[in-house]
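A.B. asks: Just so it is clear, I am handing over work.cif, which has mmCIF, C-alpha atoms and all ligand atoms.
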```
data_query
loop_
_atom_site.label_atom_id
_atom_site.label_comp_id
_atom_site.auth_asym_id
_atom_site.auth_seq_id
_atom_site.Cartn_x
_atom_site.Cartn_y
_atom_site.Cartn_z
CA MET A 1 55.67 54.86 40.34
CA ASN A 2 52.97 53.12 42.35
CA HIS A 3 52.14 49.57 41.29
CA PHE A 4 48.97 49.39 43.42
CA GLU A 5 46.38 51.58 41.72
CA TYR A 6 42.67 51.60 41.00
CA GLY A 7 41.62 50.56 37.51
CA PRO A 8 38.32 49.61 35.89
CA GLU A 9 38.18 46.40 37.96
CA GLY A 10 39.10 48.04 41.25
CA LEU A 11 42.42 48.06 43.07
CA ALA A 12 45.07 46.24 41.04
CA CYS A 13 48.62 45.07 41.58
CA GLU A 14 50.42 46.10 38.38
CA GLY A 15 48.06 44.80 35.64
CA ALA A 16 46.31 42.23 37.82
CA PRO A 17 43.03 43.17 39.54
CA LEU A 18 43.10 42.04 43.18
CA ALA A 19 39.46 40.93 42.88
CA LYS A 20 40.41 38.56 40.08
CA ILE A 21 43.24 37.05 42.14
CA ALA A 22 40.95 36.76 45.18
CA ALA A 23 38.28 34.98 43.11
CA GLU A 24 40.79 32.51 41.78
CA VAL A 25 43.02 31.88 44.81
CA GLY A 26 40.59 32.66 47.62
CA THR A 27 41.11 34.93 50.60
CA PRO A 28 43.03 35.83 52.66
CA VAL A 29 45.92 36.06 50.23
CA TYR A 30 49.16 38.03 49.96
CA VAL A 31 49.87 39.66 46.60
CA TYR A 32 53.31 41.00 45.67
CA SER A 33 54.40 43.26 42.84
CA ARG A 34 57.57 42.08 41.13
CA ALA A 35 58.13 45.52 39.61
CA THR A 36 58.00 47.14 43.06
CA LEU A 37 60.42 44.61 44.56
CA GLU A 38 62.82 45.25 41.69
CA ARG A 39 62.43 49.01 41.90
CA HIS A 40 63.00 49.10 45.67
CA PHE A 41 66.14 46.98 45.44
CA THR A 42 67.52 48.99 42.53
CA VAL A 43 66.75 52.35 44.14
CA PHE A 44 68.44 51.27 47.37
CA ARG A 45 71.58 49.93 45.69
CA ASP A 46 71.83 52.77 43.15
CA ALA A 47 71.47 55.36 45.92
CA LEU A 48 74.55 53.89 47.61
CA VAL A 49 76.54 53.66 44.39
CA ASN A 50 75.57 57.20 43.36
CA ALA A 51 76.66 58.46 46.78
CA GLY A 52 80.10 56.97 46.13
CA VAL A 53 79.89 53.62 47.95
CA VAL A 54 81.99 51.23 45.87
CA ASP A 55 80.52 47.79 45.12
CA PRO A 56 78.24 47.44 48.18
CA LEU A 57 76.93 44.01 49.16
CA VAL A 58 73.18 44.51 49.51
CA ALA A 59 72.13 41.42 51.44
CA TYR A 60 68.34 41.46 51.51
CA ALA A 61 67.03 40.45 54.96
CA VAL A 62 65.26 37.19 54.16
CA LYS A 63 63.18 37.32 57.33
CA ALA A 64 61.12 40.19 55.93
CA ASN A 65 59.66 38.09 53.14
CA SER A 66 61.27 34.73 52.64
CA ASN A 67 59.33 33.29 49.71
CA VAL A 68 61.82 31.64 47.34
CA ALA A 69 60.27 33.36 44.30
CA VAL A 70 60.72 36.75 45.97
CA LEU A 71 64.32 35.85 46.80
CA LYS A 72 64.91 34.80 43.20
CA VAL A 73 63.57 38.11 41.87
CA LEU A 74 66.01 39.97 44.13
CA GLY A 75 68.89 37.52 43.73
CA ASP A 76 68.69 37.83 39.95
CA LEU A 77 69.33 41.57 40.39
CA GLY A 78 72.48 40.81 42.35
CA ALA A 79 71.06 40.86 45.86
CA GLY A 80 72.77 38.90 48.59
CA ALA A 81 70.85 37.48 51.53
CA ASP A 82 70.99 38.24 55.23
CA THR A 83 69.82 35.08 56.98
CA VAL A 84 69.18 34.02 60.58
CA SER A 85 68.63 30.27 60.40
CA GLU A 86 69.63 27.24 58.37
CA GLY A 87 66.15 27.42 56.86
CA GLU A 88 66.78 30.91 55.57
CA VAL A 89 70.23 29.94 54.22
CA ARG A 90 68.54 27.06 52.40
CA ARG A 91 65.89 29.40 50.98
CA ALA A 92 68.57 31.79 49.69
CA LEU A 93 70.52 28.93 48.09
CA ALA A 94 67.30 27.51 46.59
CA ALA A 95 66.69 30.92 45.01
CA GLY A 96 70.11 30.75 43.36
CA ILE A 97 71.84 33.26 45.63
CA PRO A 98 75.44 32.04 45.90
CA GLY A 99 76.95 31.32 49.31
CA GLY A 100 79.44 34.12 48.70
CA ARG A 101 76.59 36.65 48.92
CA ILE A 102 74.99 35.17 52.05
CA VAL A 103 75.45 36.66 55.51
CA PHE A 104 74.46 34.42 58.46
CA SER A 105 73.36 36.40 61.54
CA GLY A 106 71.38 35.50 64.67
CA VAL A 107 72.06 35.20 68.39
CA GLY A 108 71.58 31.45 68.74
CA LYS A 109 72.94 29.59 65.75
CA LYS A 110 73.21 25.90 66.52
CA ARG A 111 76.16 23.62 65.76
CA ASP A 112 74.41 21.97 62.78
CA GLU A 113 73.33 25.32 61.36
CA ILE A 114 76.89 26.64 61.59
CA ALA A 115 78.22 23.50 59.90
CA PHE A 116 75.64 23.86 57.13
CA ALA A 117 76.56 27.52 56.57
CA LEU A 118 80.29 26.74 56.50
CA LYS A 119 79.75 23.99 53.94
CA ALA A 120 77.64 26.41 51.87
CA GLY A 121 80.60 28.83 51.88
CA VAL A 122 78.69 31.81 53.27
CA ALA A 123 80.33 35.21 52.91
CA GLU A 124 80.39 35.84 56.65
CA ILE A 125 78.94 34.44 59.83
CA ASN A 126 78.06 37.33 62.08
CA VAL A 127 79.21 36.41 65.57
CA GLU A 128 76.88 37.69 68.26
CA SER A 129 78.69 36.60 71.46
CA GLU A 130 81.95 35.15 72.76
CA PRO A 131 80.51 31.65 73.38
CA GLU A 132 79.21 31.70 69.83
CA MET A 133 82.68 32.59 68.54
CA GLU A 134 84.04 29.54 70.36
CA LEU A 135 81.33 27.29 68.96
CA ILE A 136 82.00 28.50 65.40
CA ALA A 137 85.74 27.90 65.88
CA ALA A 138 85.06 24.38 67.16
CA VAL A 139 82.74 23.52 64.26
CA ALA A 140 85.15 24.99 61.70
CA ALA A 141 88.08 23.05 63.21
CA GLU A 142 86.08 19.82 63.01
CA LEU A 143 85.32 20.50 59.36
CA GLY A 144 88.91 21.53 58.66
CA VAL A 145 87.94 24.95 57.32
CA ARG A 146 88.56 28.56 58.35
CA ALA A 147 85.30 30.30 59.15
CA LYS A 148 84.93 33.80 57.74
CA ILE A 149 83.37 35.75 60.58
CA ALA A 150 82.32 39.29 61.30
CA PHE A 151 81.55 40.52 64.79
CA ARG A 152 78.09 41.95 65.19
CA VAL A 153 78.73 44.77 67.60
CA ASN A 154 76.08 46.27 69.86
CA PRO A 155 76.82 50.00 69.63
CA ASP A 156 74.50 50.85 72.57
CA VAL A 157 72.52 53.36 70.53
CA ALA A 158 68.74 53.75 70.81
CA ALA A 159 67.14 53.53 67.37
CA GLY A 160 63.84 55.14 68.36
CA GLY A 161 60.57 53.54 67.30
CA HIS A 162 58.93 50.47 68.80
CA ALA A 163 60.79 48.85 71.72
CA LYS A 164 60.07 45.33 70.44
CA ILE A 165 62.06 45.95 67.24
CA ALA A 166 64.95 47.99 68.68
CA THR A 167 68.14 45.93 68.81
CA GLY A 168 71.02 48.37 69.33
CA LYS A 169 71.06 48.98 73.10
CA SER A 170 73.29 46.95 75.39
CA GLU A 171 70.23 45.65 77.26
CA ASN A 172 69.13 43.96 74.00
CA LYS A 173 70.40 40.44 73.33
CA PHE A 174 72.05 41.30 70.02
CA GLY A 175 75.76 41.49 69.32
CA VAL A 176 78.97 41.65 71.35
CA SER A 177 79.51 44.69 73.55
CA PHE A 178 81.29 47.58 71.92
CA ALA A 179 83.87 47.52 74.71
CA GLU A 180 84.86 43.88 74.08
CA ALA A 181 84.77 43.92 70.28
CA ALA A 182 88.45 44.76 69.72
CA ARG A 183 89.66 42.11 72.19
CA LEU A 184 87.47 39.42 70.58
CA TYR A 185 88.58 40.44 67.09
CA ALA A 186 92.23 40.13 68.10
CA ASN A 187 91.58 36.72 69.72
CA ALA A 188 89.80 35.48 66.62
CA SER A 189 92.69 36.65 64.44
CA ASN A 190 94.97 34.33 66.41
CA ASN A 191 92.66 31.34 66.01
CA ALA A 192 93.53 29.10 63.07
CA ALA A 193 89.87 28.12 62.64
CA LEU A 194 88.64 31.70 62.32
CA GLU A 195 89.16 34.41 59.74
CA PRO A 196 87.68 37.67 61.00
CA ILE A 197 86.84 39.79 57.97
CA GLY A 198 84.91 42.63 59.52
CA VAL A 199 82.38 44.09 61.91
CA ALA A 200 78.63 44.57 61.68
CA CYS A 201 75.83 46.43 63.43
CA HIS A 202 72.05 46.60 63.17
CA ILE A 203 70.30 48.85 65.65
CA GLY A 204 66.64 48.18 64.89
CA SER A 205 63.86 48.26 62.37
CA GLN A 206 61.40 50.85 60.99
CA ILE A 207 63.89 53.62 61.78
CA THR A 208 62.63 56.99 60.57
CA ASP A 209 65.41 59.22 61.88
CA LEU A 210 68.92 59.02 60.41
CA GLU A 211 70.63 60.41 63.51
CA PRO A 212 70.71 57.18 65.59
CA MET A 213 72.09 55.41 62.53
CA ARG A 214 74.69 58.13 62.04
CA ALA A 215 75.70 57.78 65.72
CA ALA A 216 75.99 54.00 65.47
CA PHE A 217 77.86 54.07 62.14
CA THR A 218 80.26 56.70 63.48
CA LYS A 219 81.08 54.42 66.43
CA MET A 220 81.58 51.54 64.01
CA ARG A 221 83.92 53.65 61.90
CA GLY A 222 85.97 54.38 65.01
CA LEU A 223 86.13 50.67 65.77
CA VAL A 224 87.30 49.80 62.24
CA GLU A 225 90.01 52.46 62.50
CA GLN A 226 91.08 51.12 65.88
CA LEU A 227 91.29 47.54 64.57
CA ILE A 228 93.29 48.60 61.52
CA GLY A 229 95.50 50.71 63.79
CA GLU A 230 96.20 47.58 65.83
CA GLY A 231 97.43 45.86 62.68
CA LEU A 232 94.33 43.67 62.25
CA SER A 233 92.86 42.94 58.84
CA VAL A 234 89.37 44.38 58.24
CA GLU A 235 87.75 43.96 54.84
CA ARG A 236 84.12 44.75 55.48
CA LEU A 237 81.81 46.92 57.55
CA ASP A 238 78.23 45.64 57.56
CA LEU A 239 75.81 48.43 58.48
CA GLY A 240 72.69 46.24 58.80
CA GLY A 241 69.16 47.17 57.77
CA GLY A 242 66.48 49.11 59.55
CA LEU A 243 65.49 51.92 57.21
CA GLY A 244 61.79 52.60 57.73
CA VAL A 245 58.97 52.82 55.21
CA PRO A 246 55.88 55.04 55.05
CA TYR A 247 52.92 53.32 56.79
CA PHE A 248 50.67 56.40 56.29
CA ASN A 249 50.31 57.29 59.98
CA HIS A 250 53.99 57.00 60.82
CA PRO A 251 56.69 59.66 60.57
CA GLU A 252 57.94 59.82 56.99
CA PRO A 253 61.21 57.90 56.71
CA PRO A 254 64.21 59.43 54.99
CA PRO A 255 64.52 58.36 51.35
CA PRO A 256 67.30 55.89 50.43
CA ALA A 257 69.27 58.76 48.85
CA ALA A 258 69.45 60.60 52.19
CA PHE A 259 70.45 57.38 53.94
CA ALA A 260 73.12 56.73 51.31
CA ALA A 261 74.49 60.27 51.57
CA MET A 262 74.80 59.89 55.34
CA VAL A 263 76.54 56.52 54.94
CA ALA A 264 78.97 57.94 52.38
CA GLU A 265 79.76 60.87 54.66
CA VAL A 266 80.37 58.73 57.75
CA THR A 267 82.48 56.11 55.95
CA LYS A 268 84.44 58.46 53.68
CA GLY A 269 88.02 57.29 53.21
CA LEU A 270 87.54 54.10 55.23
CA PRO A 271 89.48 51.35 53.41
CA VAL A 272 86.78 48.66 53.68
CA LYS A 273 83.86 47.43 51.57
CA LEU A 274 80.36 48.07 52.91
CA ALA A 275 77.48 45.63 53.32
CA PHE A 276 73.80 46.32 54.06
CA GLU A 277 70.90 44.15 55.20
CA PRO A 278 67.69 45.95 54.17
CA GLY A 279 64.43 44.03 54.53
CA ARG A 280 61.37 46.15 55.09
CA VAL A 281 62.42 48.93 52.72
CA ILE A 282 62.56 46.39 49.88
CA ALA A 283 59.47 44.31 50.61
CA ALA A 284 56.89 46.18 52.72
CA ASN A 285 55.34 48.37 50.07
CA ALA A 286 55.68 45.67 47.44
CA GLY A 287 52.84 43.65 48.94
CA VAL A 288 49.26 43.74 50.17
CA MET A 289 47.07 41.27 52.00
CA VAL A 290 43.58 40.88 50.56
CA SER A 291 40.75 39.73 52.80
CA GLU A 292 36.99 39.37 52.51
CA VAL A 293 34.41 40.83 54.87
CA ILE A 294 32.41 38.06 56.56
CA HIS A 295 30.03 40.10 58.72
CA VAL A 296 29.35 43.56 60.00
CA HIS A 297 28.47 43.08 63.66
CA GLU A 298 26.94 46.18 65.19
CA ARG A 299 26.42 46.37 68.94
CA PRO A 300 23.44 48.26 70.32
CA GLU A 301 25.99 50.10 72.51
CA GLY A 302 27.44 51.56 69.34
CA ARG A 303 30.60 49.66 68.41
CA LYS A 304 30.74 48.26 64.89
CA PHE A 305 32.96 45.24 64.21
CA LEU A 306 34.05 44.50 60.68
CA VAL A 307 34.69 40.75 60.87
CA ILE A 308 37.03 39.70 58.05
CA ASP A 309 38.47 36.38 56.98
CA ALA A 310 42.07 37.37 57.75
CA ALA A 311 43.29 37.19 61.32
CA MET A 312 46.28 37.87 63.52
CA ASN A 313 47.81 34.58 62.40
CA ASP A 314 47.95 35.93 58.84
CA LEU A 315 49.22 39.44 59.69
CA VAL A 316 50.42 39.72 63.27
CA ARG A 317 51.99 43.19 63.18
CA PRO A 318 48.96 45.09 64.55
CA ALA A 319 48.55 42.60 67.44
CA MET A 320 52.25 42.45 68.18
CA TYR A 321 53.40 46.04 67.71
CA ASP A 322 50.14 48.01 67.47
CA ALA A 323 51.25 48.55 63.89
CA PHE A 324 49.14 50.61 61.50
CA HIS A 325 48.26 49.28 58.06
CA ASP A 326 46.22 51.35 55.67
CA ILE A 327 43.04 49.41 54.79
CA ARG A 328 41.55 50.14 51.37
CA PRO A 329 38.44 48.89 49.63
CA VAL A 330 39.30 46.77 46.61
CA HIS A 331 36.28 48.33 44.86
CA PRO A 332 36.10 52.08 45.56
CA LYS A 333 33.15 53.22 47.66
CA THR A 334 31.79 56.51 48.84
CA GLY A 335 30.74 57.33 52.38
CA GLU A 336 32.28 56.51 55.70
CA SER A 337 31.67 54.32 58.71
CA VAL A 338 33.74 53.76 61.84
CA TYR A 339 34.83 50.18 62.50
CA ASP A 340 36.91 47.93 64.67
CA VAL A 341 38.41 45.56 62.11
CA VAL A 342 38.76 42.09 63.60
CA GLY A 343 39.58 38.55 62.55
CA PRO A 344 37.98 35.21 63.49
CA VAL A 345 40.73 34.09 65.93
CA CYS A 346 39.76 33.58 69.56
CA GLU A 347 41.95 36.35 70.98
CA THR A 348 40.99 39.89 71.85
CA GLY A 349 44.31 40.89 70.31
CA ASP A 350 42.98 39.66 66.96
CA THR A 351 42.08 43.25 66.17
CA PHE A 352 43.68 44.99 63.20
CA THR A 353 42.50 48.45 64.16
CA ARG A 354 39.96 50.18 66.38
CA ASP A 355 37.74 53.14 65.59
CA ARG A 356 38.99 53.45 62.01
CA ALA A 357 36.90 55.50 59.58
CA LEU A 358 36.56 53.37 56.44
CA PRO A 359 34.16 53.18 53.53
CA PRO A 360 30.89 51.41 54.42
CA PHE A 361 31.44 47.67 53.93
CA GLY A 362 29.13 44.69 53.70
CA PRO A 363 29.62 40.92 53.57
CA GLY A 364 31.57 39.78 50.53
CA ASP A 365 33.44 43.09 50.09
CA LEU A 366 37.18 42.82 49.66
CA VAL A 367 39.67 44.88 51.64
CA ALA A 368 43.38 45.32 51.02
CA PHE A 369 45.89 45.79 53.84
CA MET A 370 48.60 47.96 52.36
CA SER A 371 52.35 47.84 53.10
CA ALA A 372 52.06 44.19 54.06
CA GLY A 373 54.87 42.73 51.95
CA ALA A 374 57.37 42.66 54.83
CA TYR A 375 56.88 40.76 58.10
CA GLY A 376 53.42 39.74 56.91
CA SER A 377 53.33 36.28 55.44
CA ALA A 378 56.79 35.60 56.87
CA MET A 379 55.36 35.82 60.41
CA ALA A 380 52.14 33.95 59.67
CA SER A 381 51.11 30.84 61.59
CA GLU A 382 48.38 28.21 61.59
CA TYR A 383 46.97 29.27 64.97
CA ASN A 384 43.36 28.11 65.41
CA THR A 385 44.13 25.54 62.66
CA ARG A 386 43.74 28.18 60.01
CA PRO A 387 45.57 27.24 56.79
CA LEU A 388 48.76 29.20 56.21
CA VAL A 389 47.93 32.19 54.00
CA PRO A 390 48.94 31.75 50.34
CA GLU A 391 51.10 34.13 48.32
CA VAL A 392 50.84 35.38 44.74
CA LEU A 393 53.48 37.16 42.66
CA VAL A 394 52.35 39.57 39.95
CA ASP A 395 54.40 40.55 36.91
CA GLY A 396 52.51 42.91 34.62
CA ASP A 397 49.18 41.27 33.94
CA ARG A 398 50.35 37.73 34.67
CA TYR A 399 50.49 36.25 38.10
CA ALA A 400 51.29 32.98 39.82
CA VAL A 401 50.68 31.36 43.18
CA ILE A 402 54.14 31.26 44.78
CA ARG A 403 52.96 29.53 47.96
CA LYS A 404 49.88 27.36 48.02
CA ARG A 405 47.31 27.41 50.75
CA PRO A 406 47.68 24.00 52.42
CA THR A 407 44.67 21.72 52.36
CA TYR A 408 43.17 20.54 55.64
CA ASP A 409 44.33 17.02 54.77
CA GLU A 410 47.92 18.26 54.42
CA MET A 411 47.68 20.09 57.72
CA LEU A 412 46.20 17.15 59.62
CA ALA A 413 48.63 14.68 58.07
CA ARG A 414 51.48 16.36 60.00
CA ASP A 415 50.00 15.23 63.32
CA LEU A 416 50.93 11.72 64.34
CA VAL A 417 48.90 9.73 66.82
CA PRO A 418 51.00 6.98 68.46
CA ASP A 419 49.39 3.54 68.54
CA TRP A 420 49.43 3.67 72.35
CA VAL A 421 47.02 6.59 72.42
C1 LIG B 1 70.46 41.45 61.75
C2 LIG B 1 69.34 42.07 60.99
N1 LIG B 1 69.59 42.56 59.77
C3 LIG B 1 68.62 43.11 59.01
C4 LIG B 1 67.32 43.21 59.48
C5 LIG B 1 66.31 43.82 58.57
O1 LIG B 1 65.75 44.94 59.10
P1 LIG B 1 64.75 45.84 58.26
O2 LIG B 1 63.67 44.97 57.74
O3 LIG B 1 64.25 46.81 59.24
O4 LIG B 1 65.55 46.48 57.17
C6 LIG B 1 67.01 42.76 60.76
C7 LIG B 1 65.67 42.96 61.35
O5 LIG B 1 65.47 43.97 62.02
C8 LIG B 1 68.04 42.14 61.53
O6 LIG B 1 67.78 41.66 62.75
N1 LIG B 2 58.82 41.88 62.68
C1 LIG B 2 59.04 43.29 62.87
C2 LIG B 2 60.40 43.70 62.44
C3 LIG B 2 61.46 42.91 63.12
C4 LIG B 2 62.71 43.01 62.41
C5 LIG B 2 63.58 41.82 62.66
N2 LIG B 2 64.77 42.13 63.41
C6 LIG B 2 57.96 44.11 62.21
O1 LIG B 2 57.05 43.60 61.66
O2 LIG B 2 57.99 45.29 62.24
#
```
Using the file provided, produce a representation of the structure as structure tokens.
C.D. replies:
Amino acid sequence: MNHFEYGPEGLACEGAPLAKIAAEVGTPVYVYSRATLERHFTVFRDALVNAGVVDPLVAYAVKANSNVAVLKVLGDLGAGADTVSEGEVRRALAAGIPGGRIVFSGVGKKRDEIAFALKAGVAEINVESEPEMELIAAVAAELGVRAKIAFRVNPDVAAGGHAKIATGKSENKFGVSFAEAARLYANASNNAALEPIGVACHIGSQITDLEPMRAAFTKMRGLVEQLIGEGLSVERLDLGGGLGVPYFNHPEPPPPAAFAAMVAEVTKGLPVKLAFEPGRVIAANAGVMVSEVIHVHERPEGRKFLVIDAAMNDLVRPAMYDAFHDIRPVHPKTGESVYDVVGPVCETGDTFTRDRALPPFGPGDLVAFMSAGAYGSAMASEYNTRPLVPEVLVDGDRYAVIRKRPTYDEMLARDLVPDWV
């Protein structure tokens, strides 16, 4: 079921025409489908359960789309939250996700962030290095608590896909080395301030081939067996996120059912609970970014620039990873023209696509960037003093602004000019 379809008023999100939202809220604007978010979460969890995974913790990766309303939609379905900063832990808590379903990952958690997470009673802090383990132990000892930790292990497996979002090779900063994981786990077990409950891995994002995941998970299984064999207590294996989504020009990713079947096969008989940290697969295709055409600038040399009111600060994925987003007219059109689609920011990299055949557009036309619900708004900035892009959540034919566009007064009020300037 696709919740972004053309109706009598053009492309709509569920029952809400995008043109209507754009007229009311202005552009650029992100629009999310609640039904799609719910369906993606349910399909992912049910695939695991149907494959035989008992009571998985599906901790949605907050970084993909961290709006509190989005988190509440998922949390109300039983989602946990995978977080990487105190800010994300706070967002998850604000959405009503209990600490016991929150996983706290990240290579550089600071003392205060660790203390906050411990006080919030997070389910596990994923330890990414030995110095971090020591810091967590010190903070926990000061607070007089035992920190539940899991070791994020770097399995040294190449995930494939874009180098900037691969995390599972030993040259990447993430996780403790596979070779030192058992020693660290044993050390932590002897530390009164630490309670190691498991191990975790996450080898990258937008993964479209199950084999690297199978290789990494198989190594993790071996590690769990080794730890148990050494008499250590292991309750949980966290297999991370990373499952890819269709971006139209990208290899088709395996469906959640195939992923779940592989997981069930690799972990069969292992006496631990499983956790997952999916982000993109839940949020990407639940959202679009709508923008308005400002100009069509045609050079005598032949290039045609479609200048739109969204820029790299609103959706950075094309500039950062050469990512492809399907661009659709909000009102269907016939014919074709070849464009470079660019934003107003003063960077050559502010180019969404080059030489793309699209319907012929003119000023005032609306375009929708598809598959923009993950790592879209969450990565937006105010570069060039452009107001942070607003977000709208649709539910049937009702919708609500779930993040306002800041006013210029609000933006400028954050700058402070000392009286000695
Ligand atoms: C530790 C961790 N977990 C989960 C995710 C979510 O990944 P994805 O959105 O690809 O599912 C990420 C991002 O890659 C991550 O770094
Ligand atoms: N931001 C990346 C994904 C990074 C995942 C975070 N570890 C993207 O848009 O594809």
A.B. asks: Can you pull out every residue within 6 Å of region 238-246 of chain A, counting all atoms listed in the file, but drop anything in the same chain fewer than 6 positions away, and send it as a PyMOL selection string?
C.D. replies: chain A and resi 200-202+204-208+252-253+274-278+281
A.B. asks: Which distance in Å separates CA of Phe151 (chain A) and CA of Met262 (chain A), to one decimal?
C.D. replies: 22.6 Å
A.B. asks: Compare A:Val316, A:Arg221, A:Asn249, A:Ser377 by their minimum atom-to-atom distance to Lys268 (chain A), counting all atoms listed in the file, and give me the closest one.
C.D. replies: A:Arg221
A.B. asks: Find the residues around Ala35 (chain A) up to 12 Å (all atoms listed in the file counted), leave out those fewer than 2 positions away in its own chain, and share them as a CSV table (one decimal) with C-alpha atoms, in the coordinates of the input.
C.D. replies:
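Dumped everything to around-v6.csv:
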```csv
chain,number,residue,atom,x,y,z
A,1,MET,CA,55.7,54.9,40.3
A,2,ASN,CA,53.0,53.1,42.4
A,3,HIS,CA,52.1,49.6,41.3
A,4,PHE,CA,49.0,49.4,43.4
A,13,CYS,CA,48.6,45.1,41.6
A,14,GLU,CA,50.4,46.1,38.4
A,15,GLY,CA,48.1,44.8,35.6
A,32,TYR,CA,53.3,41.0,45.7
A,33,SER,CA,54.4,43.3,42.8
A,37,LEU,CA,60.4,44.6,44.6
A,38,GLU,CA,62.8,45.2,41.7
A,39,ARG,CA,62.4,49.0,41.9
A,40,HIS,CA,63.0,49.1,45.7
A,41,PHE,CA,66.1,47.0,45.4
A,42,THR,CA,67.5,49.0,42.5
A,43,VAL,CA,66.8,52.4,44.1
A,70,VAL,CA,60.7,36.8,46.0
A,73,VAL,CA,63.6,38.1,41.9
A,74,LEU,CA,66.0,40.0,44.1
A,77,LEU,CA,69.3,41.6,40.4
A,282,ILE,CA,62.6,46.4,49.9
A,283,ALA,CA,59.5,44.3,50.6
A,285,ASN,CA,55.3,48.4,50.1
A,286,ALA,CA,55.7,45.7,47.4
A,287,GLY,CA,52.8,43.6,48.9
A,393,LEU,CA,53.5,37.2,42.7
A,394,VAL,CA,52.4,39.6,40.0
A,395,ASP,CA,54.4,40.6,36.9
A,396,GLY,CA,52.5,42.9,34.6
A,397,ASP,CA,49.2,41.3,33.9
```
A.B. asks: Quick one: residues within 8 Å of ligand LIG 2 (chain B), with all atoms listed in the file, as a list in words?
C.D. replies: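 Checked against 8 Å with all atoms listed in the file; the hits are Lys63, Ala64, Lys164, Ile165, Ala166, Thr167, Gly204, Ser205, Gln206, Gly242, Arg280, Val316, Arg317, Tyr321, Ala323, Ala374, Tyr375, Gly376 and Met379 of chain A.
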A.B. asks: In Å to one decimal, how far is CA of Phe305 (chain A) from CA of Pro363 (chain A)?
C.D. replies: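 Distance reported for this atom pair: 12.0 Å.
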A.B. asks: Please provide as a ChimeraX atom specification all residues within 7 Å of Val139 (chain A), with the sequence filter that same-chain residues fewer than 3 positions apart are discarded (counting all atoms listed in the file).
C.D. replies: /A:111,115,135-136,142-143
